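Notes to accompany the following structure.
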There are 2 protein chains.
Amino acid sequence: MTDDNGGRFPETEGTDDPFLDPAQLGRQWHEHAVLFETLLDEGRDEELAAVARDLAPGDLSEIVRPLSFGDTARVIQLLPLDLASDVLVEIDKRSVGVLMELLSIDAVADLIEEMPSDEAADVVGEMHADQAREVLAAMEPEERDEVTELLQYDPDTAGGLMAKEFITVDKTAICLDVVKAVRAMDEDDREALHFIYVTDEDGQLVGRIPLVEMLMQPWSTPVIKVMEGDPHHVEVDLDQEQVAQFVMAHDLLTLPVVDADGQLRGVIHADDVLDVMEEEATEDFGHFAGTREDLGETSPLKVARARMPWLLAALVGQIGCVFLMSHFEDALAKVVALSFFIPAIMAMGGNTGIQTSSVVVRGLATGEVDVYNLSKYLIRELATSVMTGGLIALCLYVVARLVVGNEGLALVLMVSMLTVIIFAAMVGTAVPLLLHRLGVDPALATGPFITTSNDVMAIVIYLGMATLMLKGGAV
Amino acid sequence: MTDDNGGRFPETEGTDDPFLDPAQLGRQWHEHAVLFETLLDEGRDEELAAVARDLAPGDLSEIVRPLSFGDTARVIQLLPLDLASDVLVEIDKRSVGVLMELLSIDAVADLIEEMPSDEAADVVGEMHADQAREVLAAMEPEERDEVTELLQYDPDTAGGLMAKEFITVDKTAICLDVVKAVRAMDEDDREALHFIYVTDEDGQLVGRIPLVEMLMQPWSTPVIKVMEGDPHHVEVDLDQEQVAQFVMAHDLLTLPVVDADGQLRGVIHADDVLDVMEEEATEDFGHFAGTREDLGETSPLKVARARMPWLLAALVGQIGCVFLMSHFEDALAKVVALSFFIPAIMAMGGNTGIQTSSVVVRGLATGEVDVYNLSKYLIRELATSVMTGGLIALCLYVVARLVVGNEGLALVLMVSMLTVIIFAAMVGTAVPLLLHRLGVDPALATGPFITTSNDVMAIVIYLGMATLMLKGGAV
């Protein structure tokens with residue numbers, strides 16, 4: 001490690017960011033990770049630093065992902081301060097919290113000062129309270145105040161997403177005032193600038209000016225003449241999922257955030273919304289499959305804990321099925337072939353339930369399915385399941401005639417398969433829509449409920465029908 | 001309908017976009033849709049036009065979503081041309097293709113000329129060949145050439161995503177040339193401008209200049225002094241999923257696209273990448289659940305067709321299970337209680353398979369799981385499934401002792417439940433990773449394969465073990 005910059009980070013060297021082949025990113029990240037591990041093992045820090053400095057921060061953050069925290073901290077310390085900070089911004093926040101414990105308070109404070117305010121607040125938010133306090137104390141007052149303000153907001157709200165790097169001018173200003181404000185802005189923050197916001201005497205957001213207007217207007221023009229009034233904005237406490245929906249609906253690149261008094265407090269950028277969407281889709285996917293784990297979680301105990309609640313709920317349902325089955329002991333003892341078809345009936349009901357509920361759950365998340373048309377969806381699913389269920393029931397009838405040659409059993413199978421599939425489609429459609437209307441996340445509750453209720457119904461319908469026919473002497 | 005503008009669209013009236021409450025979007029869209037339907041039914045077109053003109057295009061596109069194509073076309077014709085075009089851009093492309101058939105060729109040509117080039121190409125790409133040809137012929141030459149070029153590219157590649165609205169200057173230019181180029185740009189396109197691209201004498205992309213630099217530099221400065229060299233870019237034929245991964249990795253707001261010769265051909269914006277991500281996540285979700293339908297599809301026949309392949313594949317597997325079960329007829333006849341637990345064993349294996357495979361499938365899609373560490377994931381899943389499976393197997397043992405009181409059966413149940421859960425976890429982890437390495441979309445193939453193989457193994461392990469113990473006289 002070199003000894004410039006207070007002994008903590010080497011100086012920047014002026015290289016452009018060359019980048020890896022966009023078509024081969026995964027493979028190239030992996031190859032670099034292997035190289036990094038070799039160089040670290042052999043203590044060839046100088047070589048590693050030279051390679052790393054030529055990579056873009058977005059690539060470096062992916063390359064160090066499989067490395068241990070200790071190795072990642074070593075790589076970070078080999079980088080110039082600005083690059084190190086850019087890399088940390090791209091690493092998931094929980095890991096950064098751990099990494100920070102491996103560095104000195106002053107080094108951490110330097111790194112965080114370099115970050116955009118929204119990222120800085122996220123990182124500090126993941127630290128232990130003691131470390132966070134010490135780091136904040138070691139930071140420059142301006143950055144500290146920004147981070148302290150942002151830490152007040154719930155991370156899953158507009159306030160938690162927004163950054164403090166924006167420019168406002170008063171509505172009485174002229175374009176030259178805008179230009180002066182832009183010139184006074186920190187160089188690192190300037191590049192992302194797209195709109196300048198206009199406020200009235202009370203600090204209320206009243207308009208926005210596209211930066212490009214500064215090239216179109218004489219700088220003596222009053223901003224009130226070039227601004228667009230009443231710009232799209234949200235309040236600080238709006239949930240991040242609703243922020244994403246709003247940004248998507250209006251194709252926004254930046255979104256101003258105001259407090260309850262209408263005062264502009266920050267700006268959300270489209271790339272932060274990308275992260276939110278990815279996070280929310282992952283969460284829904286996991287909930288739907290019955291797990292709440294982090295994708296990157298490495299501890300089997302934590303993974304097991306994240307999966308256990310849903311497995312136990314399913315087990316309770318299945319133990320119910322055991323008792324239910326035992327009620328049909330007579331029928332099962334009389335016609336052993338009845339049991340051969342239990343897996344098929346259950347699986348096809350289960351598959352139909354997963355298909356229908358996944359479409360509704362995903363449609364609710366993207367806004368393509370709305371909750372105000374329950375009957376419309378039920379009718380569509382009824383028609384669909386009559387078609388799919390009819391075809392499958394017919395196939396099963398043929399198989400049953402060939403395998404067991406029992407006409408009565410084959411009829412029971414056909415009718416119960418059709419009934420189970422229609423039932424599964426109705427439940428799979430109605431349950432997520434109803435949960436959504438009740439304000440419960442449909443992805444979270446859909447999986448266990450639908451799977452278990454389908455299994456119960458499959459047993460009741462199939463074995464119940466068989467018992468009736470047995471009593472009637474038809475099987 | 002008023003009669004300005006060639007009898008097709010009313011003139012713009014200068015209203016600001018007031019917007020709906022971001023926290024209540026879904027409800028407000030629904031309420032407006034109901035209002036629109038009433039006004040249309042009662043022929044109150046003037047009132048409808050007045051309400052619609054005060055809404056933002058992003059809201060209007062959501063409000064007309066539940067309306068029939070005929071009603072939507074009527075609403076579109078009540079709007080000023082620029083608003084009508086902005087609304088159409090936000091509606092899904094397939095619906096726009098249908099809508100266009102309800103309007104005259106000249107009206108369609110006018111609407112498409114107003115759209116950004118990338119959206120225009122998407123809409124024309126969804127039209128019937130005849131209509132597309134006529135519409136292109138009715139368009140202004142400049143817009144027609146742009147759309148014709150974009151139509152050459154596969155819609156799922158960088159070329160299919162990019163727009164032609166960008167500015168390039170030669171590397172010998174000065175900043176004043178940049179300002180002139182910006183001023184010459186179409187007013188509608190100017191607002192989205194963020195970077196100006198720099199090309200060499202062969203038209204190769206060599207750099208980019210943030211627009212904000214024009215406020216920092218004397219306009220006599222050569223662009224070569226202010227440009228950032230070697231900017232991130234992709235080639236026209238890169239798959240859109242890799243484009244999204246690249247944009248996410250490097251937090252880009254705009255991404256230049258070059259052809260095989262390095263010539264700049266277009267620019268991709270972050271908001272288009274948002275749409276790609278949503279589309280890909282929806283596709284993965286659907287594939288995982290075994291359906292390829294559009295979320296908005298209303299025809300039950302089409303939905304049934306999209307779901308049938310996976311249901312039939314599952315049915316074939318389940319018919320295999322029927323034959324398999326029939327091999328264990330002796331055991332099932334001897335101990336009827338064996339069949340009571342078949343649903344439980346199958347369901348718990350199935351749940352474990354869904355949990356593990358969903359985590360891998362989603363992790364591969366987001367890049368959080370990489371294919372180079374198969375053994376790492378297998379070991380984690382082995383440890384996890386021993387914990388979850390052990391606990392569940394123990395619960396089942398207790399239940400079996402209480403329900404059937406048969407020590408031998410209870411032991412068979414415990415051991416086979418544990419084995420089935422571990423097997424399901426291994427298959428659920430390995431199959432998607434192997435499919436991904438073979439270049440097959442893991443979401444597409446994971447569902448049917450994993451579910452069926454788990455069911456087969458559950459039957460073989462459970463009933464096989466029971467048969468062995470019966471022969472040994474232990475059950």
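Naming works like this for the structure tokens: A, B, ... for the chains as they're shown, residue 1 at the start of each chain, ligands 1 onward in shown order.
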
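Residues of region 49-243 of chain A carrying a DSSP assignment of strand (DSSP E or B), computed from the backbone, are Thr157, Ala163, Thr168, Val169, Asp170, Ile174, Phe195, Ile196, Tyr197, Val198, Thr199, Gln204, Leu205, Val206, Gly207, Arg208, Ile209, Pro210, Pro222, Glu228, Gly229, Val234, Glu235 and Asp239 of chain A.
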
Problem set entry | Phe288 (chain A) environment, 12 Å, only C-alpha atoms, sequence neighbours closer than 3 positions dropped, as a PyMOL selection string | (chain A and resi 281-285+291-292+307+310+353-355+357-362+432+441-451) or (chain B and resi 285-286+288-289+351+354-355+358-359+362)

Seminar exercise, completed: CA of Leu55 (chain A) sits from CA of Val247 (chain B) at a separation of 15.7 Å

Exercise. Which distance in Å separates CA of Ala121 (chain A) and CA of Asp230 (chain A), to one decimal?
Worked result: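 Atom-to-atom, CA of Ala121 (chain A) and CA of Asp230 (chain A) are spaced 28.8 Å apart.
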
For this session: Going by DSSP on the backbone, which bits of region 96-234 of chain A are helix (DSSP H, G or I)? Write them as a PyMOL selection string, please.
Result: chain A and resi 96-100+105-114+117-126+129-138+141-151+158-161+175-184+187-190+211-215+223-226

Filtering to C-alpha atoms, could you give me those residues as a PDB file, in the first residue's frame?
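Resulting contents of part_35.pdb:
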ATOM      1  CA  VAL A  96     -20.657  -2.757   2.825  1.00  0.00           C
ATOM      2  CA  GLY A  97     -21.738  -2.511   6.449  1.00  0.00           C
ATOM      3  CA  VAL A  98     -19.512  -5.514   7.270  1.00  0.00           C
ATOM      4  CA  LEU A  99     -16.632  -4.239   5.124  1.00  0.00           C
ATOM      5  CA  MET A 100     -16.655  -0.935   6.941  1.00  0.00           C
ATOM      6  CA  ILE A 105     -13.054   5.248  11.130  1.00  0.00           C
ATOM      7  CA  ASP A 106     -11.167   7.955   9.215  1.00  0.00           C
ATOM      8  CA  ALA A 107     -10.905   5.809   6.098  1.00  0.00           C
ATOM      9  CA  VAL A 108     -14.617   5.065   6.280  1.00  0.00           C
ATOM     10  CA  ALA A 109     -15.450   8.753   6.750  1.00  0.00           C
ATOM     11  CA  ASP A 110     -13.347   9.657   3.687  1.00  0.00           C
ATOM     12  CA  LEU A 111     -15.058   6.974   1.596  1.00  0.00           C
ATOM     13  CA  ILE A 112     -18.526   8.041   2.629  1.00  0.00           C
ATOM     14  CA  GLU A 113     -17.870  11.722   1.955  1.00  0.00           C
ATOM     15  CA  GLU A 114     -17.080  10.754  -1.639  1.00  0.00           C
ATOM     16  CA  SER A 117     -25.719  11.479  -0.331  1.00  0.00           C
ATOM     17  CA  ASP A 118     -28.364   8.773  -0.874  1.00  0.00           C
ATOM     18  CA  GLU A 119     -25.757   6.010  -1.054  1.00  0.00           C
ATOM     19  CA  ALA A 120     -23.843   7.483   1.883  1.00  0.00           C
ATOM     20  CA  ALA A 121     -26.981   7.394   4.025  1.00  0.00           C
ATOM     21  CA  ASP A 122     -27.708   3.785   3.020  1.00  0.00           C
ATOM     22  CA  VAL A 123     -24.194   2.694   4.033  1.00  0.00           C
ATOM     23  CA  VAL A 124     -24.239   4.548   7.351  1.00  0.00           C
ATOM     24  CA  GLY A 125     -27.690   3.083   7.976  1.00  0.00           C
ATOM     25  CA  GLU A 126     -26.220  -0.434   7.779  1.00  0.00           C
ATOM     26  CA  ALA A 129     -24.892   2.525  15.950  1.00  0.00           C
ATOM     27  CA  ASP A 130     -21.485   3.103  17.604  1.00  0.00           C
ATOM     28  CA  GLN A 131     -19.541   3.014  14.372  1.00  0.00           C
ATOM     29  CA  ALA A 132     -22.140   5.176  12.592  1.00  0.00           C
ATOM     30  CA  ARG A 133     -21.830   7.825  15.331  1.00  0.00           C
ATOM     31  CA  GLU A 134     -18.027   7.848  15.142  1.00  0.00           C
ATOM     32  CA  VAL A 135     -18.026   7.984  11.339  1.00  0.00           C
ATOM     33  CA  LEU A 136     -20.534  10.844  11.268  1.00  0.00           C
ATOM     34  CA  ALA A 137     -18.402  12.739  13.785  1.00  0.00           C
ATOM     35  CA  ALA A 138     -15.347  12.315  11.544  1.00  0.00           C
ATOM     36  CA  PRO A 141     -20.188  19.109   8.458  1.00  0.00           C
ATOM     37  CA  GLU A 142     -21.966  19.591   5.108  1.00  0.00           C
ATOM     38  CA  GLU A 143     -21.934  15.896   4.170  1.00  0.00           C
ATOM     39  CA  ARG A 144     -22.744  14.935   7.764  1.00  0.00           C
ATOM     40  CA  ASP A 145     -25.851  17.138   7.788  1.00  0.00           C
ATOM     41  CA  GLU A 146     -27.093  15.661   4.506  1.00  0.00           C
ATOM     42  CA  VAL A 147     -26.594  12.088   5.665  1.00  0.00           C
ATOM     43  CA  THR A 148     -28.154  12.820   9.061  1.00  0.00           C
ATOM     44  CA  GLU A 149     -31.242  14.243   7.359  1.00  0.00           C
ATOM     45  CA  LEU A 150     -31.583  11.280   4.990  1.00  0.00           C
ATOM     46  CA  LEU A 151     -31.191   8.787   7.850  1.00  0.00           C
ATOM     47  CA  ALA A 158     -39.197   8.152  -1.392  1.00  0.00           C
ATOM     48  CA  GLY A 159     -37.196   9.856   1.391  1.00  0.00           C
ATOM     49  CA  GLY A 160     -34.990   6.790   1.669  1.00  0.00           C
ATOM     50  CA  LEU A 161     -34.310   6.760  -2.088  1.00  0.00           C
ATOM     51  CA  CYS A 175     -31.154  32.198 -16.202  1.00  0.00           C
ATOM     52  CA  LEU A 176     -27.757  33.605 -15.258  1.00  0.00           C
ATOM     53  CA  ASP A 177     -28.517  32.687 -11.633  1.00  0.00           C
ATOM     54  CA  VAL A 178     -29.104  29.120 -12.778  1.00  0.00           C
ATOM     55  CA  VAL A 179     -25.770  29.054 -14.606  1.00  0.00           C
ATOM     56  CA  LYS A 180     -24.012  30.427 -11.523  1.00  0.00           C
ATOM     57  CA  ALA A 181     -25.632  27.792  -9.332  1.00  0.00           C
ATOM     58  CA  VAL A 182     -24.580  25.036 -11.736  1.00  0.00           C
ATOM     59  CA  ARG A 183     -21.014  26.344 -11.781  1.00  0.00           C
ATOM     60  CA  ALA A 184     -20.941  26.386  -7.976  1.00  0.00           C
ATOM     61  CA  GLU A 187     -17.921  18.657  -9.983  1.00  0.00           C
ATOM     62  CA  ASP A 188     -18.786  15.024  -9.189  1.00  0.00           C
ATOM     63  CA  ASP A 189     -22.479  15.842  -8.850  1.00  0.00           C
ATOM     64  CA  ARG A 190     -22.723  18.010 -11.920  1.00  0.00           C
ATOM     65  CA  LEU A 211     -30.739  22.153 -18.200  1.00  0.00           C
ATOM     66  CA  VAL A 212     -30.692  22.364 -22.011  1.00  0.00           C
ATOM     67  CA  GLU A 213     -32.812  25.542 -21.840  1.00  0.00           C
ATOM     68  CA  MET A 214     -29.688  27.369 -20.645  1.00  0.00           C
ATOM     69  CA  LEU A 215     -28.304  26.917 -24.177  1.00  0.00           C
ATOM     70  CA  VAL A 223     -36.657  31.596 -15.076  1.00  0.00           C
ATOM     71  CA  ILE A 224     -40.408  31.941 -14.712  1.00  0.00           C
ATOM     72  CA  LYS A 225     -40.595  32.304 -18.493  1.00  0.00           C
ATOM     73  CA  VAL A 226     -38.722  29.093 -19.285  1.00  0.00           C
TER      74      VAL A 226
END

For this session: Record the distance separating CA of Val303 (chain B) and CA of Leu382 (chain A), expressed in Å with one decimal.
Result: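 Value for the CA of Val303 (chain B)-CA of Leu382 (chain A) distance: 11.3 Å.
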
Exercise. With distances taken over only C-alpha atoms, which of A:Gly464, A:Gly363, A:Pro155, A:Gly390 is nearest to chain B?
Worked result: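 Among the listed residues, A:Gly363 lies closest to chain B.
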
Exercise. Of the candidates A:Ile422, A:Leu409, A:Leu402, A:Val89, which one gets nearest to Gly389 (chain A) if we count only C-alpha atoms?
Worked result: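 Under the stated criterion, the closest residue is A:Ile422.
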
For this session: Find the residues around Gly317 (chain A) up to 9 Å (only C-alpha atoms counted), leave out those fewer than 6 positions away in its own chain, and share them as an MDAnalysis selection string.
Result: (chainID A and resid 448:449 452:453 455:456) or (chainID B and resid 344)

Given the selection you just returned, output its residues as a file containing C-alpha atoms, formatted as an mmCIF file, in the first residue's frame.
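What follows is the written file out.cif:
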data_model
loop_
_atom_site.group_PDB
_atom_site.id
_atom_site.type_symbol
_atom_site.label_atom_id
_atom_site.label_comp_id
_atom_site.auth_asym_id
_atom_site.auth_seq_id
_atom_site.Cartn_x
_atom_site.Cartn_y
_atom_site.Cartn_z
ATOM 1 C CA PRO A 448 -48.986 -21.727 1.303
ATOM 2 C CA PHE A 449 -52.698 -21.026 1.197
ATOM 3 C CA THR A 452 -52.639 -26.540 0.837
ATOM 4 C CA SER A 453 -56.232 -25.745 -0.072
ATOM 5 C CA ASP A 455 -54.373 -30.553 -1.853
ATOM 6 C CA VAL A 456 -57.248 -30.722 0.613
ATOM 7 C CA ALA B 344 -47.434 -35.115 2.546
#

Exercise. Excluding same-chain residues fewer than 6 positions from Lys471 (chain A), what lies within 12 Å of it counting only C-alpha atoms, as a PyMOL selection string?
Worked result: chain A and resi 330-331+334+408+464-465

Problem set entry | Residue nearest chain B - candidates A:Val460, A:Leu435, A:Leu81, A:Ile345, atoms counted: only C-alpha atoms |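 When distances to chain B are compared using only C-alpha atoms, the smallest one comes from A:Ile345.
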
Problem set entry | Distance query Ile63 (chain A) at most 7 Å, only C-alpha atoms, self and fewer than 5 positions along chain excluded, as a list in words | Trp29, His30, His32 and Ala33 of chain A

For this session: Find the residues around Arg74 (chain B) up to 9 Å (only C-alpha atoms counted), leave out those fewer than 5 positions away in its own chain, and share them as a list of chain:residue names.
Result: B:Leu40, B:Asp45, B:Phe69

Go ahead and write the selection's residues with C-alpha atoms as a PDB file, in the first residue's frame.
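Output saved as again.pdb:
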ATOM      1  CA  LEU B  40     -68.571   7.694 -23.997  1.00  0.00           C
ATOM      2  CA  ASP B  45     -67.386  13.822 -26.094  1.00  0.00           C
ATOM      3  CA  PHE B  69     -60.371  -0.894 -28.608  1.00  0.00           C
TER       4      PHE B  69
END

Exercise. Any idea what's packed within 12 Å of Leu391 (chain A), counting only C-alpha atoms, ignoring anything in its chain fewer than 6 positions away? Could you give it as a list in words?
Worked result: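 Everything that qualifies: Thr384, Ser385, Tyr397, Val398, Met414, Val415, Met417, Leu418 and Ile421 of chain A; Ala304, Arg305, Met308, Pro309, Leu311, Leu312 and Leu315 of chain B.
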
For this session: Find, counting only C-alpha atoms, the residue in B:Val87, B:Leu411, B:Leu264, B:Met227 that gets nearest to Ala163 (chain B).
Result: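 Of all the options, B:Leu264 lies closest to Ala163 (chain B).
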